[in-house]
Amino acid sequence: MGSPTTSLADEVMGRGALAGVVAACDGRTQQSQIQNLLEVLGAYRYPESVRVLLLYVAYQVGRGQIERITGRRIASDILYIVRNGGSDVDELLRRYFGALKWSYTAITRGRFYGVCRVVSRLRPSVEEIVKAILGIQ
């Protein structure tokens, strides 16, 4: 397995960071759910990891533990990674969920909820999201 292309890896991390913002701003998704996603990912290898992650997201949305908009974004992003990741799906999923956790934690632990006012205007760009979280122009 090679290393994912820089542009795809950057896009995946941007998508993950944006998913973390959406999760932090949705008012329902808890830190434990983000951690559980990482644990599920670590317990399985592709392609089984994708099936288990998608089922887990749907299950947690159904239980009300993950907000539907967040669950839809995560599931959509997982499917995007599968369609575009080739032999690098596992690595890209790790990058995605790592970025998701970091942006979620930056907002919730740092109480940077001002980013929630602009979440609908954010693009999946790590740089743009970090600037929005930290209030950098």
# chains A, B, ... in the order shown; residues from 1 in each chain; ligands from 1
>>> residues_around(residues="A:Val119", least_positions_apart="6", cutoff="10 Å", atoms="only C-alpha atoms", output="CSV table (one decimal) with N, CA and C atoms, in the first residue's frame")
chain,number,residue,atom,x,y,z
A,18,LEU,N,-14.2,19.3,8.9
A,18,LEU,CA,-15.6,19.9,8.8
A,18,LEU,C,-16.6,19.1,9.5
A,19,ALA,N,-16.5,17.8,9.4
A,19,ALA,CA,-17.4,16.9,10.1
A,19,ALA,C,-17.3,17.1,11.6
A,21,VAL,N,-16.6,19.9,13.1
A,21,VAL,CA,-17.2,21.2,13.4
A,21,VAL,C,-18.7,20.9,13.4
A,22,VAL,N,-19.3,20.2,12.5
A,22,VAL,CA,-20.7,19.9,12.4
A,22,VAL,C,-21.1,19.2,13.7
A,25,CYS,N,-21.2,21.4,16.7
A,25,CYS,CA,-22.2,22.4,16.7
A,25,CYS,C,-23.6,21.9,16.7
A,129,ILE,N,-10.9,25.9,8.3
A,129,ILE,CA,-11.6,25.4,9.5
A,129,ILE,C,-10.8,25.9,10.7
A,132,ALA,N,-11.3,29.5,11.2
A,132,ALA,CA,-12.7,29.8,11.8
A,132,ALA,C,-12.7,29.4,13.3
A,133,ILE,N,-12.1,28.3,13.6
A,133,ILE,CA,-12.2,27.9,15.1
A,133,ILE,C,-11.5,28.9,15.9
>>> residues_around(residues="A:Thr29", least_positions_apart="3", cutoff="10 Å", atoms="only C-alpha atoms", output="list of chain:residue names")
A:Gly20, A:Val22, A:Ala23, A:Ala24, A:Cys25, A:Asp26, A:Ser32, A:Gln33, A:Ile34, A:Gln60, A:Val61, A:Gly64, A:Gln65, A:Ile66, A:Glu67, A:Arg68, A:Thr70, A:Gly71, A:Tyr104
>>> closest_residue(among="A:Met13, A:Ala75, A:Ile69, A:Cys116", to="A:Leu53", atoms="only C-alpha atoms")
A:Ala75
>>> residues_around(residues="A:Glu11", least_positions_apart="4", cutoff="8 Å", atoms="only C-alpha atoms", output="MDAnalysis selection string")
chainID A and resid 7 15 124:125
>>> write_last_selection(atoms="N, CA and C atoms", output="mmCIF file, in the first residue's frame")
data_model
loop_
_atom_site.group_PDB
_atom_site.id
_atom_site.type_symbol
_atom_site.label_atom_id
_atom_site.label_comp_id
_atom_site.auth_asym_id
_atom_site.auth_seq_id
_atom_site.Cartn_x
_atom_site.Cartn_y
_atom_site.Cartn_z
ATOM 1 N N SER A 7 -3.255 15.637 -2.522
ATOM 2 C CA SER A 7 -4.517 16.373 -2.677
ATOM 3 C C SER A 7 -5.689 15.588 -2.089
ATOM 4 N N ARG A 15 -12.424 17.276 5.019
ATOM 5 C CA ARG A 15 -13.765 16.731 5.252
ATOM 6 C C ARG A 15 -13.925 16.288 6.696
ATOM 7 N N PRO A 124 -14.540 22.226 3.133
ATOM 8 C CA PRO A 124 -13.712 21.192 3.760
ATOM 9 C C PRO A 124 -12.220 21.453 3.547
ATOM 10 N N SER A 125 -11.710 22.453 4.213
ATOM 11 C CA SER A 125 -10.310 22.848 4.134
ATOM 12 C C SER A 125 -9.777 22.974 5.558
#
>>> decode(residues="chain A", atoms="C-alpha atoms", output="PDB file, in the first residue's frame")
ATOM      1  CA  MET A   1       0.000   0.000   0.000  1.00  0.00           C
ATOM      2  CA  GLY A   2       1.339   3.373  -0.990  1.00  0.00           C
ATOM      3  CA  SER A   3       0.778   6.741   0.504  1.00  0.00           C
ATOM      4  CA  PRO A   4      -2.403   8.539  -0.579  1.00  0.00           C
ATOM      5  CA  THR A   5      -1.975  11.437  -2.964  1.00  0.00           C
ATOM      6  CA  THR A   6      -1.432  14.726  -1.184  1.00  0.00           C
ATOM      7  CA  SER A   7      -4.517  16.373  -2.677  1.00  0.00           C
ATOM      8  CA  LEU A   8      -6.816  13.479  -1.734  1.00  0.00           C
ATOM      9  CA  ALA A   9      -5.300  13.212   1.753  1.00  0.00           C
ATOM     10  CA  ASP A  10      -5.718  16.979   2.235  1.00  0.00           C
ATOM     11  CA  GLU A  11      -9.324  16.826   1.053  1.00  0.00           C
ATOM     12  CA  VAL A  12     -10.099  13.904   3.348  1.00  0.00           C
ATOM     13  CA  MET A  13      -8.596  15.705   6.332  1.00  0.00           C
ATOM     14  CA  GLY A  14     -10.599  18.806   5.422  1.00  0.00           C
ATOM     15  CA  ARG A  15     -13.765  16.731   5.252  1.00  0.00           C
ATOM     16  CA  GLY A  16     -12.955  15.206   8.623  1.00  0.00           C
ATOM     17  CA  ALA A  17     -12.270  18.604  10.180  1.00  0.00           C
ATOM     18  CA  LEU A  18     -15.563  19.933   8.818  1.00  0.00           C
ATOM     19  CA  ALA A  19     -17.428  16.872  10.131  1.00  0.00           C
ATOM     20  CA  GLY A  20     -15.923  17.601  13.546  1.00  0.00           C
ATOM     21  CA  VAL A  21     -17.237  21.169  13.390  1.00  0.00           C
ATOM     22  CA  VAL A  22     -20.698  19.939  12.408  1.00  0.00           C
ATOM     23  CA  ALA A  23     -20.650  17.390  15.253  1.00  0.00           C
ATOM     24  CA  ALA A  24     -19.501  19.968  17.805  1.00  0.00           C
ATOM     25  CA  CYS A  25     -22.178  22.423  16.709  1.00  0.00           C
ATOM     26  CA  ASP A  26     -25.110  20.026  16.402  1.00  0.00           C
ATOM     27  CA  GLY A  27     -25.946  20.125  20.103  1.00  0.00           C
ATOM     28  CA  ARG A  28     -26.228  16.366  20.511  1.00  0.00           C
ATOM     29  CA  THR A  29     -23.117  14.449  19.469  1.00  0.00           C
ATOM     30  CA  GLN A  30     -20.922  13.743  22.499  1.00  0.00           C
ATOM     31  CA  GLN A  31     -17.152  13.227  22.718  1.00  0.00           C
ATOM     32  CA  SER A  32     -17.738   9.565  23.580  1.00  0.00           C
ATOM     33  CA  GLN A  33     -19.404   9.014  20.200  1.00  0.00           C
ATOM     34  CA  ILE A  34     -16.386  10.453  18.396  1.00  0.00           C
ATOM     35  CA  GLN A  35     -14.077   8.217  20.422  1.00  0.00           C
ATOM     36  CA  ASN A  36     -16.299   5.201  19.725  1.00  0.00           C
ATOM     37  CA  LEU A  37     -15.971   5.809  15.978  1.00  0.00           C
ATOM     38  CA  LEU A  38     -12.184   5.738  16.317  1.00  0.00           C
ATOM     39  CA  GLU A  39     -12.364   2.523  18.324  1.00  0.00           C
ATOM     40  CA  VAL A  40     -14.614   0.873  15.745  1.00  0.00           C
ATOM     41  CA  LEU A  41     -12.207   1.944  13.010  1.00  0.00           C
ATOM     42  CA  GLY A  42      -9.264   0.494  14.931  1.00  0.00           C
ATOM     43  CA  ALA A  43     -10.985  -2.843  15.457  1.00  0.00           C
ATOM     44  CA  TYR A  44     -11.568  -3.647  11.766  1.00  0.00           C
ATOM     45  CA  ARG A  45      -9.735  -3.544   8.450  1.00  0.00           C
ATOM     46  CA  TYR A  46     -11.135  -2.433   5.099  1.00  0.00           C
ATOM     47  CA  PRO A  47     -13.639  -3.440   3.681  1.00  0.00           C
ATOM     48  CA  GLU A  48     -15.244  -4.685   6.893  1.00  0.00           C
ATOM     49  CA  SER A  49     -14.349  -1.430   8.670  1.00  0.00           C
ATOM     50  CA  VAL A  50     -16.555   0.533   6.279  1.00  0.00           C
ATOM     51  CA  ARG A  51     -19.581  -1.705   6.764  1.00  0.00           C
ATOM     52  CA  VAL A  52     -19.212  -1.621  10.549  1.00  0.00           C
ATOM     53  CA  LEU A  53     -18.661   2.155  10.644  1.00  0.00           C
ATOM     54  CA  LEU A  54     -21.703   2.836   8.469  1.00  0.00           C
ATOM     55  CA  LEU A  55     -23.882   0.542  10.567  1.00  0.00           C
ATOM     56  CA  TYR A  56     -22.581   2.067  13.787  1.00  0.00           C
ATOM     57  CA  VAL A  57     -23.299   5.608  12.581  1.00  0.00           C
ATOM     58  CA  ALA A  58     -26.843   4.620  11.545  1.00  0.00           C
ATOM     59  CA  TYR A  59     -27.366   2.847  14.878  1.00  0.00           C
ATOM     60  CA  GLN A  60     -26.214   5.866  16.886  1.00  0.00           C
ATOM     61  CA  VAL A  61     -28.335   8.248  14.799  1.00  0.00           C
ATOM     62  CA  GLY A  62     -31.325   5.986  15.438  1.00  0.00           C
ATOM     63  CA  ARG A  63     -30.598   6.032  19.174  1.00  0.00           C
ATOM     64  CA  GLY A  64     -30.316   9.821  19.143  1.00  0.00           C
ATOM     65  CA  GLN A  65     -26.652   9.731  20.174  1.00  0.00           C
ATOM     66  CA  ILE A  66     -25.439  11.317  16.931  1.00  0.00           C
ATOM     67  CA  GLU A  67     -27.462  14.091  15.304  1.00  0.00           C
ATOM     68  CA  ARG A  68     -28.851  13.089  11.907  1.00  0.00           C
ATOM     69  CA  ILE A  69     -27.067  15.884  10.003  1.00  0.00           C
ATOM     70  CA  THR A  70     -23.761  14.772  11.533  1.00  0.00           C
ATOM     71  CA  GLY A  71     -24.445  11.104  10.810  1.00  0.00           C
ATOM     72  CA  ARG A  72     -25.308  11.875   7.200  1.00  0.00           C
ATOM     73  CA  ARG A  73     -22.119  13.877   6.746  1.00  0.00           C
ATOM     74  CA  ILE A  74     -19.946  11.147   8.272  1.00  0.00           C
ATOM     75  CA  ALA A  75     -21.601   8.367   6.243  1.00  0.00           C
ATOM     76  CA  SER A  76     -21.355  10.410   3.050  1.00  0.00           C
ATOM     77  CA  ASP A  77     -17.675  11.122   3.708  1.00  0.00           C
ATOM     78  CA  ILE A  78     -16.933   7.447   4.409  1.00  0.00           C
ATOM     79  CA  LEU A  79     -18.523   6.514   1.076  1.00  0.00           C
ATOM     80  CA  TYR A  80     -16.535   9.269  -0.666  1.00  0.00           C
ATOM     81  CA  ILE A  81     -13.311   7.853   0.763  1.00  0.00           C
ATOM     82  CA  VAL A  82     -14.243   4.353  -0.419  1.00  0.00           C
ATOM     83  CA  ARG A  83     -15.028   5.619  -3.937  1.00  0.00           C
ATOM     84  CA  ASN A  84     -11.812   7.609  -4.243  1.00  0.00           C
ATOM     85  CA  GLY A  85      -9.296   6.025  -1.882  1.00  0.00           C
ATOM     86  CA  GLY A  86      -8.218   3.001  -3.899  1.00  0.00           C
ATOM     87  CA  SER A  87      -5.805   0.911  -1.855  1.00  0.00           C
ATOM     88  CA  ASP A  88      -5.413   3.718   0.719  1.00  0.00           C
ATOM     89  CA  VAL A  89      -8.888   3.542   2.264  1.00  0.00           C
ATOM     90  CA  ASP A  90      -7.679   2.442   5.707  1.00  0.00           C
ATOM     91  CA  GLU A  91      -5.085   5.224   5.906  1.00  0.00           C
ATOM     92  CA  LEU A  92      -7.544   7.832   4.628  1.00  0.00           C
ATOM     93  CA  LEU A  93     -10.187   6.739   7.148  1.00  0.00           C
ATOM     94  CA  ARG A  94      -7.645   7.116   9.966  1.00  0.00           C
ATOM     95  CA  ARG A  95      -6.788  10.621   8.745  1.00  0.00           C
ATOM     96  CA  TYR A  96     -10.457  11.523   8.380  1.00  0.00           C
ATOM     97  CA  PHE A  97     -11.452  10.415  11.872  1.00  0.00           C
ATOM     98  CA  GLY A  98      -8.322  11.925  13.397  1.00  0.00           C
ATOM     99  CA  ALA A  99      -9.162  15.321  11.896  1.00  0.00           C
ATOM    100  CA  LEU A 100     -12.802  14.926  12.963  1.00  0.00           C
ATOM    101  CA  LYS A 101     -11.767  14.263  16.565  1.00  0.00           C
ATOM    102  CA  TRP A 102      -9.264  17.121  16.683  1.00  0.00           C
ATOM    103  CA  SER A 103     -11.629  19.773  15.340  1.00  0.00           C
ATOM    104  CA  TYR A 104     -14.479  18.512  17.533  1.00  0.00           C
ATOM    105  CA  THR A 105     -12.245  18.616  20.609  1.00  0.00           C
ATOM    106  CA  ALA A 106     -10.807  22.033  19.744  1.00  0.00           C
ATOM    107  CA  ILE A 107     -14.308  23.482  19.674  1.00  0.00           C
ATOM    108  CA  THR A 108     -15.856  21.667  22.632  1.00  0.00           C
ATOM    109  CA  ARG A 109     -12.922  21.760  25.037  1.00  0.00           C
ATOM    110  CA  GLY A 110     -11.776  25.223  24.004  1.00  0.00           C
ATOM    111  CA  ARG A 111     -15.362  26.495  23.957  1.00  0.00           C
ATOM    112  CA  PHE A 112     -14.849  27.996  20.512  1.00  0.00           C
ATOM    113  CA  TYR A 113     -18.544  27.830  19.653  1.00  0.00           C
ATOM    114  CA  GLY A 114     -18.376  31.051  17.618  1.00  0.00           C
ATOM    115  CA  VAL A 115     -17.458  28.852  14.652  1.00  0.00           C
ATOM    116  CA  CYS A 116     -20.984  27.421  14.808  1.00  0.00           C
ATOM    117  CA  ARG A 117     -22.328  30.708  13.423  1.00  0.00           C
ATOM    118  CA  VAL A 118     -20.393  30.164  10.182  1.00  0.00           C
ATOM    119  CA  VAL A 119     -20.463  26.368   9.887  1.00  0.00           C
ATOM    120  CA  SER A 120     -22.777  26.462   6.856  1.00  0.00           C
ATOM    121  CA  ARG A 121     -20.251  28.626   4.968  1.00  0.00           C
ATOM    122  CA  LEU A 122     -17.175  26.507   5.708  1.00  0.00           C
ATOM    123  CA  ARG A 123     -15.487  24.498   2.995  1.00  0.00           C
ATOM    124  CA  PRO A 124     -13.712  21.192   3.760  1.00  0.00           C
ATOM    125  CA  SER A 125     -10.310  22.848   4.134  1.00  0.00           C
ATOM    126  CA  VAL A 126      -8.170  22.274   7.221  1.00  0.00           C
ATOM    127  CA  GLU A 127      -6.700  25.772   6.936  1.00  0.00           C
ATOM    128  CA  GLU A 128     -10.112  27.444   6.624  1.00  0.00           C
ATOM    129  CA  ILE A 129     -11.551  25.448   9.497  1.00  0.00           C
ATOM    130  CA  VAL A 130      -8.634  26.147  11.839  1.00  0.00           C
ATOM    131  CA  LYS A 131      -8.919  29.849  11.038  1.00  0.00           C
ATOM    132  CA  ALA A 132     -12.652  29.752  11.773  1.00  0.00           C
ATOM    133  CA  ILE A 133     -12.186  27.872  15.050  1.00  0.00           C
ATOM    134  CA  LEU A 134      -9.470  30.225  16.266  1.00  0.00           C
ATOM    135  CA  GLY A 135     -11.014  33.403  14.847  1.00  0.00           C
ATOM    136  CA  ILE A 136      -8.107  34.166  12.507  1.00  0.00           C
ATOM    137  CA  GLN A 137      -8.907  36.457   9.575  1.00  0.00           C
TER     138      GLN A 137
END
